[in-house]
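Structure file structure18.txt (compact mmCIF, C-alpha atoms and all ligand atoms) is printed below.
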# COMPACT_ATOMS: atom_id res chain seq x y z
CA MET A 247 0.00 0.00 0.00
CA SER A 248 1.31 3.48 -0.78
CA SER A 249 2.04 5.43 2.41
CA ASP A 250 -0.29 8.17 1.21
CA LEU A 251 -3.35 5.99 0.80
CA ILE A 252 -4.73 6.17 4.36
CA PRO A 253 -4.39 9.97 4.68
CA THR A 254 -5.87 10.32 1.19
CA LEU A 255 -8.91 8.26 2.20
CA GLN A 256 -9.28 10.26 5.41
CA GLN A 257 -8.82 13.71 3.91
CA MET A 258 -10.67 13.36 0.61
CA PRO A 259 -14.09 15.04 0.44
CA LYS A 260 -16.88 12.47 0.41
CA ALA A 261 -20.62 11.90 0.74
CA GLU A 262 -22.16 9.44 3.19
CA LEU A 263 -25.31 7.81 1.80
CA HIS A 264 -26.01 4.94 4.20
CA LEU A 265 -26.23 6.10 7.78
CA HIS A 266 -29.03 5.21 10.19
CA ILE A 267 -29.13 8.19 12.51
CA GLU A 268 -30.39 6.03 15.41
CA GLY A 269 -27.29 3.90 14.83
CA SER A 270 -25.09 6.89 15.60
CA LEU A 271 -26.28 6.96 19.24
CA GLU A 272 -23.15 6.31 21.27
CA PRO A 273 -23.60 4.43 24.58
CA GLU A 274 -22.69 7.59 26.53
CA MET A 275 -25.51 9.51 24.82
CA ILE A 276 -27.95 6.62 25.32
CA PHE A 277 -27.29 6.79 29.07
CA GLU A 278 -27.42 10.59 29.13
CA LEU A 279 -30.78 10.68 27.30
CA ALA A 280 -32.16 7.87 29.49
CA ARG A 281 -31.26 9.93 32.57
CA ARG A 282 -32.66 13.15 31.06
CA ASN A 283 -35.94 11.47 30.08
CA GLY A 284 -36.37 9.07 33.01
CA VAL A 285 -36.27 6.04 30.69
CA LYS A 286 -35.33 2.74 32.33
CA LEU A 287 -32.77 0.75 30.32
CA ALA A 288 -32.26 -3.01 30.42
CA TYR A 289 -28.51 -2.33 30.87
CA SER A 290 -27.09 -1.12 34.17
CA SER A 291 -23.95 0.57 32.81
CA ILE A 292 -22.27 1.83 29.65
CA GLU A 293 -19.89 -1.14 29.87
CA GLN A 294 -22.77 -3.62 30.10
CA LEU A 295 -24.42 -2.01 27.09
CA ARG A 296 -21.18 -2.15 25.09
CA ALA A 297 -20.79 -5.80 26.06
CA ALA A 298 -24.12 -6.47 24.32
CA TYR A 299 -22.54 -5.35 21.02
CA ALA A 300 -21.34 -8.89 20.25
CA PHE A 301 -23.67 -9.53 17.35
CA THR A 302 -24.09 -12.82 15.55
CA ASP A 303 -26.37 -11.64 12.75
CA LEU A 304 -28.62 -8.76 11.68
CA GLN A 305 -31.46 -9.61 14.08
CA SER A 306 -29.18 -9.81 17.13
CA PHE A 307 -28.05 -6.26 16.28
CA LEU A 308 -31.55 -4.92 15.61
CA ASP A 309 -32.75 -6.03 19.08
CA VAL A 310 -30.06 -3.87 20.76
CA TYR A 311 -30.47 -1.02 18.26
CA TYR A 312 -34.22 -0.66 18.87
CA ALA A 313 -33.63 -0.81 22.65
CA GLY A 314 -31.06 2.01 22.33
CA ALA A 315 -33.48 4.16 20.29
CA SER A 316 -36.08 3.94 23.10
CA VAL A 317 -34.38 6.84 24.95
CA LEU A 318 -35.35 9.30 22.19
CA LEU A 319 -38.48 11.17 23.24
CA LYS A 320 -38.18 14.92 22.63
CA GLU A 321 -37.31 17.09 19.65
CA GLN A 322 -34.13 18.12 21.48
CA ASP A 323 -33.05 14.44 21.70
CA PHE A 324 -33.32 14.00 17.93
CA PHE A 325 -31.48 17.27 17.46
CA ASP A 326 -28.64 16.35 19.84
CA MET A 327 -28.16 12.92 18.26
CA THR A 328 -27.99 14.38 14.75
CA TRP A 329 -25.70 17.24 15.73
CA ALA A 330 -23.25 14.82 17.37
CA TYR A 331 -23.20 12.77 14.15
CA LEU A 332 -22.61 15.86 11.98
CA LEU A 333 -19.60 16.90 14.07
CA ARG A 334 -18.12 13.41 13.56
CA ALA A 335 -18.93 13.54 9.85
CA LYS A 336 -17.20 16.91 9.54
CA ALA A 337 -14.06 15.45 11.12
CA ASP A 338 -14.12 12.74 8.42
CA ASN A 339 -14.40 15.33 5.62
CA VAL A 340 -17.97 14.37 4.76
CA ILE A 341 -19.43 17.28 2.78
CA HIS A 342 -22.82 15.74 1.97
CA VAL A 343 -24.93 13.25 3.90
CA GLU A 344 -28.24 11.48 3.29
CA ILE A 345 -29.58 10.29 6.61
CA PHE A 346 -31.93 7.36 7.23
CA PHE A 347 -34.36 7.45 10.11
CA ASP A 348 -36.86 4.84 11.34
CA PRO A 349 -40.04 6.73 12.34
CA GLN A 350 -41.97 3.57 13.23
CA THR A 351 -39.49 2.87 16.04
CA HIS A 352 -40.61 6.17 17.55
CA THR A 353 -44.27 6.59 16.60
CA GLU A 354 -45.10 3.17 18.07
CA ARG A 355 -43.80 4.51 21.43
CA GLY A 356 -46.09 7.55 21.17
CA VAL A 357 -43.45 9.99 19.87
CA GLY A 358 -44.96 12.24 17.20
CA MET A 359 -43.73 12.35 13.59
CA ARG A 360 -43.44 16.14 14.03
CA THR A 361 -41.09 15.71 17.01
CA VAL A 362 -38.85 13.31 15.10
CA ILE A 363 -38.66 15.21 11.80
CA ASN A 364 -38.36 18.68 13.34
CA GLY A 365 -35.49 17.60 15.61
CA LEU A 366 -33.58 15.90 12.79
CA SER A 367 -34.18 18.74 10.31
CA ALA A 368 -33.16 21.50 12.73
CA ALA A 369 -29.78 19.82 13.27
CA LEU A 370 -29.31 19.32 9.51
CA GLU A 371 -30.12 22.99 8.94
CA LYS A 372 -27.51 24.01 11.51
CA GLY A 373 -25.07 21.62 9.83
CA ARG A 374 -25.61 23.37 6.50
CA ALA A 375 -25.15 26.83 8.04
CA GLU A 376 -22.26 26.15 10.42
CA LEU A 377 -20.42 23.12 9.04
CA GLY A 378 -21.05 23.50 5.32
CA ILE A 379 -22.48 19.95 5.12
CA SER A 380 -25.38 19.59 2.69
CA SER A 381 -27.91 16.91 3.57
CA GLY A 382 -31.20 15.14 3.02
CA LEU A 383 -33.53 12.94 5.06
CA ILE A 384 -34.66 9.48 3.92
CA MET A 385 -37.56 7.93 5.84
CA CYS A 386 -37.22 4.15 6.14
CA PHE A 387 -40.03 1.65 6.55
CA LEU A 388 -39.40 -1.29 8.89
CA ARG A 389 -39.81 -4.36 6.71
CA HIS A 390 -40.68 -6.69 9.61
CA LEU A 391 -43.90 -4.67 10.02
CA SER A 392 -46.83 -4.78 7.57
CA GLU A 393 -47.23 -2.76 4.39
CA GLU A 394 -50.38 -1.23 5.94
CA ASP A 395 -48.20 0.12 8.73
CA ALA A 396 -45.78 1.55 6.15
CA LEU A 397 -48.67 3.17 4.23
CA ALA A 398 -49.96 4.75 7.45
CA THR A 399 -46.45 6.02 8.18
CA LEU A 400 -46.25 7.65 4.75
CA VAL A 401 -49.58 9.41 5.44
CA LEU A 402 -48.29 10.62 8.84
CA ALA A 403 -45.23 12.08 7.13
CA MET A 404 -47.18 13.99 4.48
CA PRO A 405 -47.32 17.29 6.40
CA PHE A 406 -43.49 17.15 6.33
CA ARG A 407 -43.13 16.11 2.70
CA ASP A 408 -40.83 19.06 1.95
CA LYS A 409 -38.38 17.90 4.64
CA LEU A 410 -37.85 14.48 2.99
CA ILE A 411 -35.83 13.57 -0.09
CA GLY A 412 -36.82 9.92 -0.19
CA VAL A 413 -37.94 6.68 1.40
CA GLY A 414 -36.02 3.50 2.17
CA LEU A 415 -36.57 0.00 3.50
CA ASP A 416 -34.63 -1.51 6.40
CA SER A 417 -34.77 -3.97 9.34
CA GLY A 418 -34.71 -7.79 8.98
CA GLU A 419 -34.58 -9.04 5.40
CA GLN A 420 -35.35 -12.70 6.09
CA GLY A 421 -39.00 -13.39 5.20
CA ASN A 422 -39.58 -9.74 4.19
CA PRO A 423 -38.87 -9.40 0.46
CA PRO A 424 -39.01 -6.02 -1.27
CA GLU A 425 -42.24 -6.89 -3.13
CA LYS A 426 -44.10 -6.85 0.22
CA PHE A 427 -43.82 -3.03 -0.08
CA ALA A 428 -44.77 -2.58 -3.76
CA ARG A 429 -47.77 -0.30 -3.11
CA VAL A 430 -46.17 2.02 -0.59
CA PHE A 431 -43.11 2.46 -2.82
CA ALA A 432 -45.37 3.23 -5.80
CA GLN A 433 -47.09 5.90 -3.71
CA ALA A 434 -43.76 7.36 -2.59
CA ARG A 435 -42.56 7.54 -6.20
CA ALA A 436 -45.81 9.22 -7.24
CA LEU A 437 -45.10 11.86 -4.58
CA GLY A 438 -41.76 12.57 -6.24
CA LEU A 439 -39.71 10.98 -3.46
CA HIS A 440 -36.48 9.16 -4.25
CA VAL A 441 -36.55 5.44 -3.41
CA VAL A 442 -33.85 3.13 -2.04
CA ALA A 443 -33.96 -0.24 -0.25
CA HIS A 444 -31.69 -2.50 1.77
CA ALA A 445 -31.28 -5.70 -0.25
CA GLY A 446 -28.71 -8.45 -0.54
CA GLU A 447 -27.17 -7.85 2.89
CA GLU A 448 -28.46 -11.06 4.47
CA GLY A 449 -31.12 -11.64 1.85
CA PRO A 450 -30.48 -13.38 -1.49
CA PRO A 451 -29.61 -11.75 -4.84
CA ALA A 452 -33.27 -12.24 -5.81
CA PHE A 453 -34.14 -9.48 -3.31
CA ILE A 454 -31.83 -7.10 -5.21
CA ARG A 455 -33.65 -7.97 -8.42
CA THR A 456 -37.12 -7.35 -6.95
CA ALA A 457 -35.94 -4.11 -5.31
CA LEU A 458 -34.95 -2.98 -8.83
CA ASP A 459 -37.88 -4.41 -10.77
CA VAL A 460 -40.80 -4.01 -8.33
CA LEU A 461 -39.78 -1.10 -6.10
CA GLU A 462 -37.82 0.65 -8.91
CA VAL A 463 -35.15 1.77 -6.46
CA GLU A 464 -32.43 4.23 -7.46
CA ARG A 465 -29.79 2.76 -5.13
CA ILE A 466 -29.32 -0.55 -3.37
CA ASP A 467 -28.25 -0.41 0.26
CA HIS A 468 -25.59 -3.07 0.92
CA GLY A 469 -26.21 -5.33 -2.11
CA VAL A 470 -22.98 -7.24 -1.50
CA ARG A 471 -24.61 -10.62 -2.10
CA CYS A 472 -25.06 -9.67 -5.79
CA VAL A 473 -21.78 -11.48 -6.51
CA GLU A 474 -23.65 -14.79 -6.16
CA ASP A 475 -25.42 -13.97 -9.44
CA GLU A 476 -23.06 -13.07 -12.29
CA ALA A 477 -25.83 -11.78 -14.57
CA LEU A 478 -26.97 -9.47 -11.77
CA VAL A 479 -23.43 -8.12 -11.31
CA GLN A 480 -23.34 -7.31 -15.01
CA ARG A 481 -26.74 -5.65 -14.84
CA LEU A 482 -25.78 -3.49 -11.83
CA ALA A 483 -22.64 -2.36 -13.65
CA ARG A 484 -24.47 -1.72 -16.94
CA GLU A 485 -27.25 0.26 -15.22
CA LYS A 486 -24.72 2.18 -13.09
CA MET A 487 -26.77 1.23 -10.06
CA PRO A 488 -25.11 2.52 -6.89
CA LEU A 489 -24.50 0.16 -3.96
CA THR A 490 -24.04 1.74 -0.53
CA VAL A 491 -21.56 -0.71 0.97
CA CYS A 492 -20.80 -0.74 4.72
CA PRO A 493 -17.64 -2.79 5.34
CA LEU A 494 -17.46 -2.73 9.17
CA SER A 495 -21.19 -3.49 9.44
CA ASN A 496 -20.72 -6.52 7.18
CA ILE A 497 -18.00 -7.89 9.44
CA LYS A 498 -19.85 -7.19 12.71
CA LEU A 499 -23.03 -8.84 11.39
CA ARG A 500 -21.04 -11.75 9.92
CA VAL A 501 -21.95 -11.17 6.28
CA PHE A 502 -18.21 -11.83 5.78
CA ASP A 503 -16.02 -13.56 8.37
CA LYS A 504 -13.07 -11.21 7.96
CA MET A 505 -12.39 -7.92 6.19
CA GLU A 506 -9.87 -9.74 3.97
CA GLN A 507 -12.87 -11.59 2.48
CA HIS A 508 -14.92 -8.47 1.79
CA ASN A 509 -15.83 -8.00 -1.87
CA LEU A 510 -15.58 -4.18 -2.06
CA VAL A 511 -12.63 -4.22 -4.48
CA GLN A 512 -14.21 -7.03 -6.50
CA LEU A 513 -17.38 -4.92 -6.92
CA LEU A 514 -15.39 -1.85 -8.02
CA ASP A 515 -13.32 -3.89 -10.45
CA ALA A 516 -16.53 -5.37 -11.91
CA GLY A 517 -17.56 -1.79 -12.76
CA ILE A 518 -20.19 -1.46 -10.03
CA LYS A 519 -20.79 2.00 -8.60
CA ALA A 520 -19.96 1.06 -5.00
CA THR A 521 -19.64 3.58 -2.17
CA VAL A 522 -18.32 3.24 1.40
CA ASN A 523 -20.52 4.13 4.37
CA SER A 524 -20.83 3.50 8.10
CA ASP A 525 -24.43 2.15 8.49
CA ASP A 526 -24.64 2.26 12.32
CA PRO A 527 -21.29 3.71 13.41
CA ALA A 528 -21.90 3.63 17.17
CA TYR A 529 -22.56 -0.11 16.99
CA PHE A 530 -20.17 -1.37 14.32
CA GLY A 531 -16.85 0.09 15.40
CA GLY A 532 -16.52 3.32 13.54
CA TYR A 533 -17.54 6.23 11.37
CA VAL A 534 -17.04 6.50 7.63
CA ASN A 535 -13.27 7.04 7.68
CA ASP A 536 -12.86 4.03 9.99
CA ASN A 537 -14.63 2.03 7.28
CA PHE A 538 -12.27 3.31 4.58
CA VAL A 539 -9.21 2.59 6.73
CA ALA A 540 -10.36 -0.90 7.74
CA ALA A 541 -11.04 -1.75 4.09
CA ALA A 542 -7.67 -0.35 2.93
CA ASN A 543 -5.79 -2.29 5.61
CA ALA A 544 -7.30 -5.60 4.53
CA LEU A 545 -7.91 -5.27 0.78
CA PRO A 546 -5.85 -4.37 -2.33
CA LEU A 547 -7.34 -0.89 -2.46
CA THR A 548 -5.48 1.64 -4.61
CA ARG A 549 -5.49 5.41 -4.99
CA ARG A 550 -7.61 4.94 -8.11
CA HIS A 551 -10.19 2.98 -6.06
CA ALA A 552 -10.12 5.75 -3.45
CA TYR A 553 -10.94 8.38 -6.08
CA GLN A 554 -13.61 6.15 -7.60
CA LEU A 555 -15.32 5.56 -4.23
CA ALA A 556 -15.51 9.28 -3.43
CA CYS A 557 -16.60 10.16 -6.97
CA ASN A 558 -19.29 7.44 -6.81
CA SER A 559 -20.57 8.86 -3.52
CA PHE A 560 -21.27 12.22 -5.22
CA GLU A 561 -22.66 10.72 -8.43
CA ALA A 562 -24.99 8.48 -6.43
CA ALA A 563 -26.27 11.31 -4.22
CA PHE A 564 -29.73 12.81 -4.62
CA LEU A 565 -28.37 16.23 -5.53
CA PRO A 566 -28.87 18.55 -8.51
CA GLU A 567 -26.34 17.84 -11.29
CA ALA A 568 -24.68 21.26 -10.83
CA ILE A 569 -23.94 20.58 -7.15
CA LYS A 570 -22.61 17.10 -7.98
CA ALA A 571 -20.28 18.67 -10.54
CA GLU A 572 -19.10 21.22 -7.98
CA TYR A 573 -18.37 18.47 -5.42
CA ILE A 574 -16.53 16.37 -8.00
CA ASP A 575 -14.46 19.47 -8.89
CA ARG A 576 -13.51 19.74 -5.22
CA LEU A 577 -12.54 16.07 -5.28
CA ASP A 578 -10.45 16.53 -8.43
CA THR A 579 -8.68 19.51 -6.86
CA PHE A 580 -7.99 17.45 -3.74
CA PHE A 581 -6.46 14.63 -5.82
CA ARG A 582 -4.29 17.09 -7.77
CA THR A 583 -2.93 18.80 -4.64
CA PRO A 584 -0.11 17.32 -2.52
CA LEU A 585 -1.36 16.07 0.84
CA THR A 586 -0.97 18.32 3.83
CA THR A 587 0.71 16.16 6.42
CA VAL A 588 0.79 16.94 10.10
CA PRO A 589 4.43 17.75 10.91
CA GLU A 590 6.12 15.21 13.16
CA ILE A 591 7.17 16.44 16.55
CA GLY A 592 10.82 16.11 17.70
N1 LIG A 601 -29.75 -3.50 7.97
C1 LIG A 601 -31.07 -3.49 8.10
N2 LIG A 601 -31.70 -2.65 8.91
C2 LIG A 601 -30.98 -1.79 9.62
C3 LIG A 601 -29.61 -1.77 9.51
C4 LIG A 601 -28.96 -2.67 8.64
O1 LIG A 601 -27.73 -2.71 8.49
N3 LIG A 601 -29.20 -0.80 10.36
C5 LIG A 601 -30.28 -0.25 10.92
N4 LIG A 601 -31.38 -0.85 10.48
ZN ZN A 602 -28.35 -0.05 6.87
Once more with this new file: its structure as structure tokens, please.
Amino acid sequence: MSSDLIPTLQQMPKAELHLHIEGSLEPEMIFELARRNGVKLAYSSIEQLRAAYAFTDLQSFLDVYYAGASVLLKEQDFFDMTWAYLLRAKADNVIHVEIFFDPQTHTERGVGMRTVINGLSAALEKGRAELGISSGLIMCFLRHLSEEDALATLVLAMPFRDKLIGVGLDSGEQGNPPEKFARVFAQARALGLHVVAHAGEEGPPAFIRTALDVLEVERIDHGVRCVEDEALVQRLAREKMPLTVCPLSNIKLRVFDKMEQHNLVQLLDAGIKATVNSDDPAYFGGYVNDNFVAAANALPLTRRHAYQLACNSFEAAFLPEAIKAEYIDRLDTFFRTPLTTVPEIG
């Protein structure tokens, strides 16, 4: 590996497109919000909570993740969580972010849609003004719940339509194929919302196909299991379909045993528009730059791949073409300029 690769990955401007904001809740903030709101947690200490982060699969993670999100009650809580994430994103040179949130996790506890969306949006607004990070909100439906529940959630969100850029689909894939949500995705598209879905993380390549064909998604979240279907790999490359890949998540949830086995470089070399993202950084061992570094330390990632990943993140973003071009110009300038290294002391 060239000695410049890690600082290049860390310093290059990038977009993050697969980030569950509830998955950015650090244990310290979970305990602080529980105290502030008088919520009783099933864990007696930060250490005990962290010890529960030994996941064996997606469901074992989701159980802990939904428990952690139960401390979020007030608009200020959603604001504080999002602001903390934006400060971390800024440190990783993220200049654009598209944030997932799971309203059903909150509305089913009696927290209003207004509370959730206003708290998230206020922090994103402050991020635009004070950190120069552009952003959008993507509302995810929980696929383990019914489509009726998802349709009702879309109706609840309608007063806040202008605060959303799109809808997504997350939670447990097993037994919950994309086609279960055909009607609600059709409605979202008719409203002019962008559409994405998690597919091919734990679920089979067939779920990627139905996400494309039935839900008509514009990006696939994860999608790493596409490599089990060569014709699908070729289709994804031909259609320039972005995949939002999350390397540390895939290791923590045992999609791959070790980072050395991750297929990120294989996907890029097959011509697929892959991007690198953090998914649930508080739970999976790091923010977006930690994902880049972990991948670079285990895989034959080159400077060309680094450029491609950052460029893909802007091309795959739901941004006007002029802004994408401006961001890619910034990336090109970064790659043309010698790295600024921190001088060594002594
Ligand atoms: N997969 C599915 N659902 C999720 C995830 C994930 O990685 N993170 C939060 N909800
Ligand atoms: Zn995810």
- Of the listed residues A:Leu577, A:Val357, A:Leu499, A:Ala571, that which approaches ligand ZN 602 (chain A) most closely, counting only C-alpha atoms and all ligand atoms: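 Of A:Leu577, A:Val357, A:Leu499, A:Ala571, the one nearest ligand ZN 602 (chain A) is A:Leu499, counting only C-alpha atoms and all ligand atoms.
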- How would you write, as a PyMOL selection string, the set of residues no farther than 8 Å from ligand ZN 602 (chain A) when counting only C-alpha atoms and all ligand atoms? chain A and resi 264-266+416-417+444+467-468+492+525-526
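The shortest atom-to-atom distance to ligand LIG 601 (chain A), with all atoms listed in the file taken into account, belongs to A:Ser306 out of A:Gln257, A:Ser306, A:Gln512, A:Asn364.
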- Between atom CA of A:Glu419 and atom CA of A:Asp303 - distance in Å to one decimal: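 Atom-to-atom, atom CA of A:Asp303 to atom CA of A:Glu419, that is 11.3 Å.
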- Task: Tell me, as a VMD selection string, which residues lie within 9 Å of stretch 516-520 of chain A, counting only C-alpha atoms; anything in the same chain fewer than 4 positions away does not count.
- Result: chain A and resid 479 to 480 482 to 491 510 to 512 554 to 555 558 to 559 561 to 562
- Could you tell me how far atom CA of A:Thr583 lies from atom CA of A:Asp338, in Å and to one decimal?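 That distance, rounded to one decimal, is 18.2 Å.
Comparing the minimum interatomic distances between A:Leu319 and each of A:Asp575, A:Asp408, A:Glu354, A:Glu464, counting all atoms listed in the file, we find that A:Glu354 sits nearest.
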For stretch 533-549 of chain A, list every protein, DNA or RNA residue within 9 Å, evaluated using all atoms listed in the file, and leave out those in the same chain fewer than 6 positions away; present the list as an mmCIF file with C-alpha atoms, in the frame of the given file.
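Below is the file that was written, out04.cif:
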data_model
loop_
_atom_site.group_PDB
_atom_site.id
_atom_site.type_symbol
_atom_site.label_atom_id
_atom_site.label_comp_id
_atom_site.auth_asym_id
_atom_site.auth_seq_id
_atom_site.Cartn_x
_atom_site.Cartn_y
_atom_site.Cartn_z
ATOM 1 C CA MET A 247 0.000 0.000 0.000
ATOM 2 C CA SER A 248 1.310 3.480 -0.780
ATOM 3 C CA ASP A 250 -0.290 8.170 1.210
ATOM 4 C CA LEU A 251 -3.350 5.990 0.800
ATOM 5 C CA ILE A 252 -4.730 6.170 4.360
ATOM 6 C CA THR A 254 -5.870 10.320 1.190
ATOM 7 C CA LEU A 255 -8.910 8.260 2.200
ATOM 8 C CA GLN A 256 -9.280 10.260 5.410
ATOM 9 C CA GLN A 257 -8.820 13.710 3.910
ATOM 10 C CA GLU A 262 -22.160 9.440 3.190
ATOM 11 C CA SER A 270 -25.090 6.890 15.600
ATOM 12 C CA ARG A 334 -18.120 13.410 13.560
ATOM 13 C CA ALA A 335 -18.930 13.540 9.850
ATOM 14 C CA ASP A 338 -14.120 12.740 8.420
ATOM 15 C CA ASN A 339 -14.400 15.330 5.620
ATOM 16 C CA VAL A 340 -17.970 14.370 4.760
ATOM 17 C CA CYS A 492 -20.800 -0.740 4.720
ATOM 18 C CA PRO A 493 -17.640 -2.790 5.340
ATOM 19 C CA LEU A 494 -17.460 -2.730 9.170
ATOM 20 C CA SER A 495 -21.190 -3.490 9.440
ATOM 21 C CA LYS A 504 -13.070 -11.210 7.960
ATOM 22 C CA MET A 505 -12.390 -7.920 6.190
ATOM 23 C CA GLU A 506 -9.870 -9.740 3.970
ATOM 24 C CA GLN A 507 -12.870 -11.590 2.480
ATOM 25 C CA HIS A 508 -14.920 -8.470 1.790
ATOM 26 C CA ASN A 509 -15.830 -8.000 -1.870
ATOM 27 C CA LEU A 510 -15.580 -4.180 -2.060
ATOM 28 C CA VAL A 511 -12.630 -4.220 -4.480
ATOM 29 C CA VAL A 522 -18.320 3.240 1.400
ATOM 30 C CA ASN A 523 -20.520 4.130 4.370
ATOM 31 C CA SER A 524 -20.830 3.500 8.100
ATOM 32 C CA ASP A 525 -24.430 2.150 8.490
ATOM 33 C CA ASP A 526 -24.640 2.260 12.320
ATOM 34 C CA PRO A 527 -21.290 3.710 13.410
#
- Note on the structure: Here atom CA of A:Phe406 and atom CA of A:Arg360 stand apart by 7.8 Å
- Task: Compile the contact shell of A:Leu318 as a ChimeraX atom specification: residues with an atom at most 12 Å away, counting only C-alpha atoms, same-chain residues fewer than 2 positions apart removed.
- Result: /A:267-268,271,275-285,312-316,320-328,348-349,351-353,355-358,361-362,365-366
- Write out as a PyMOL selection string the residues lying within 8 Å of A:Cys472, counting only C-alpha atoms and excluding same-chain residues fewer than 2 positions away. chain A and resi 446+450-451+454+469-470+474-476+478-479
- Message: Set the distance at 8 Å and use all atoms listed in the file: which residues neighbour A:Ile411 once local chain neighbours fewer than 5 positions away are removed? I'd like the list as a list in words.
- Response: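 Using all atoms listed in the file, the neighbours found are Gly382, Leu383, Ile384, Leu439, His440 and Phe564 of chain A.
Using all atoms listed in the file, the smallest distance between any of A:Ala369, A:Leu437, A:Ile341, A:Leu304 and ligand LIG 601 (chain A) comes from A:Leu304.
Ranking A:Leu397, A:Ala403, A:Leu585, A:Leu332 by their shortest atom-to-atom distance to A:Leu377, with all atoms listed in the file included, puts A:Leu332 first.
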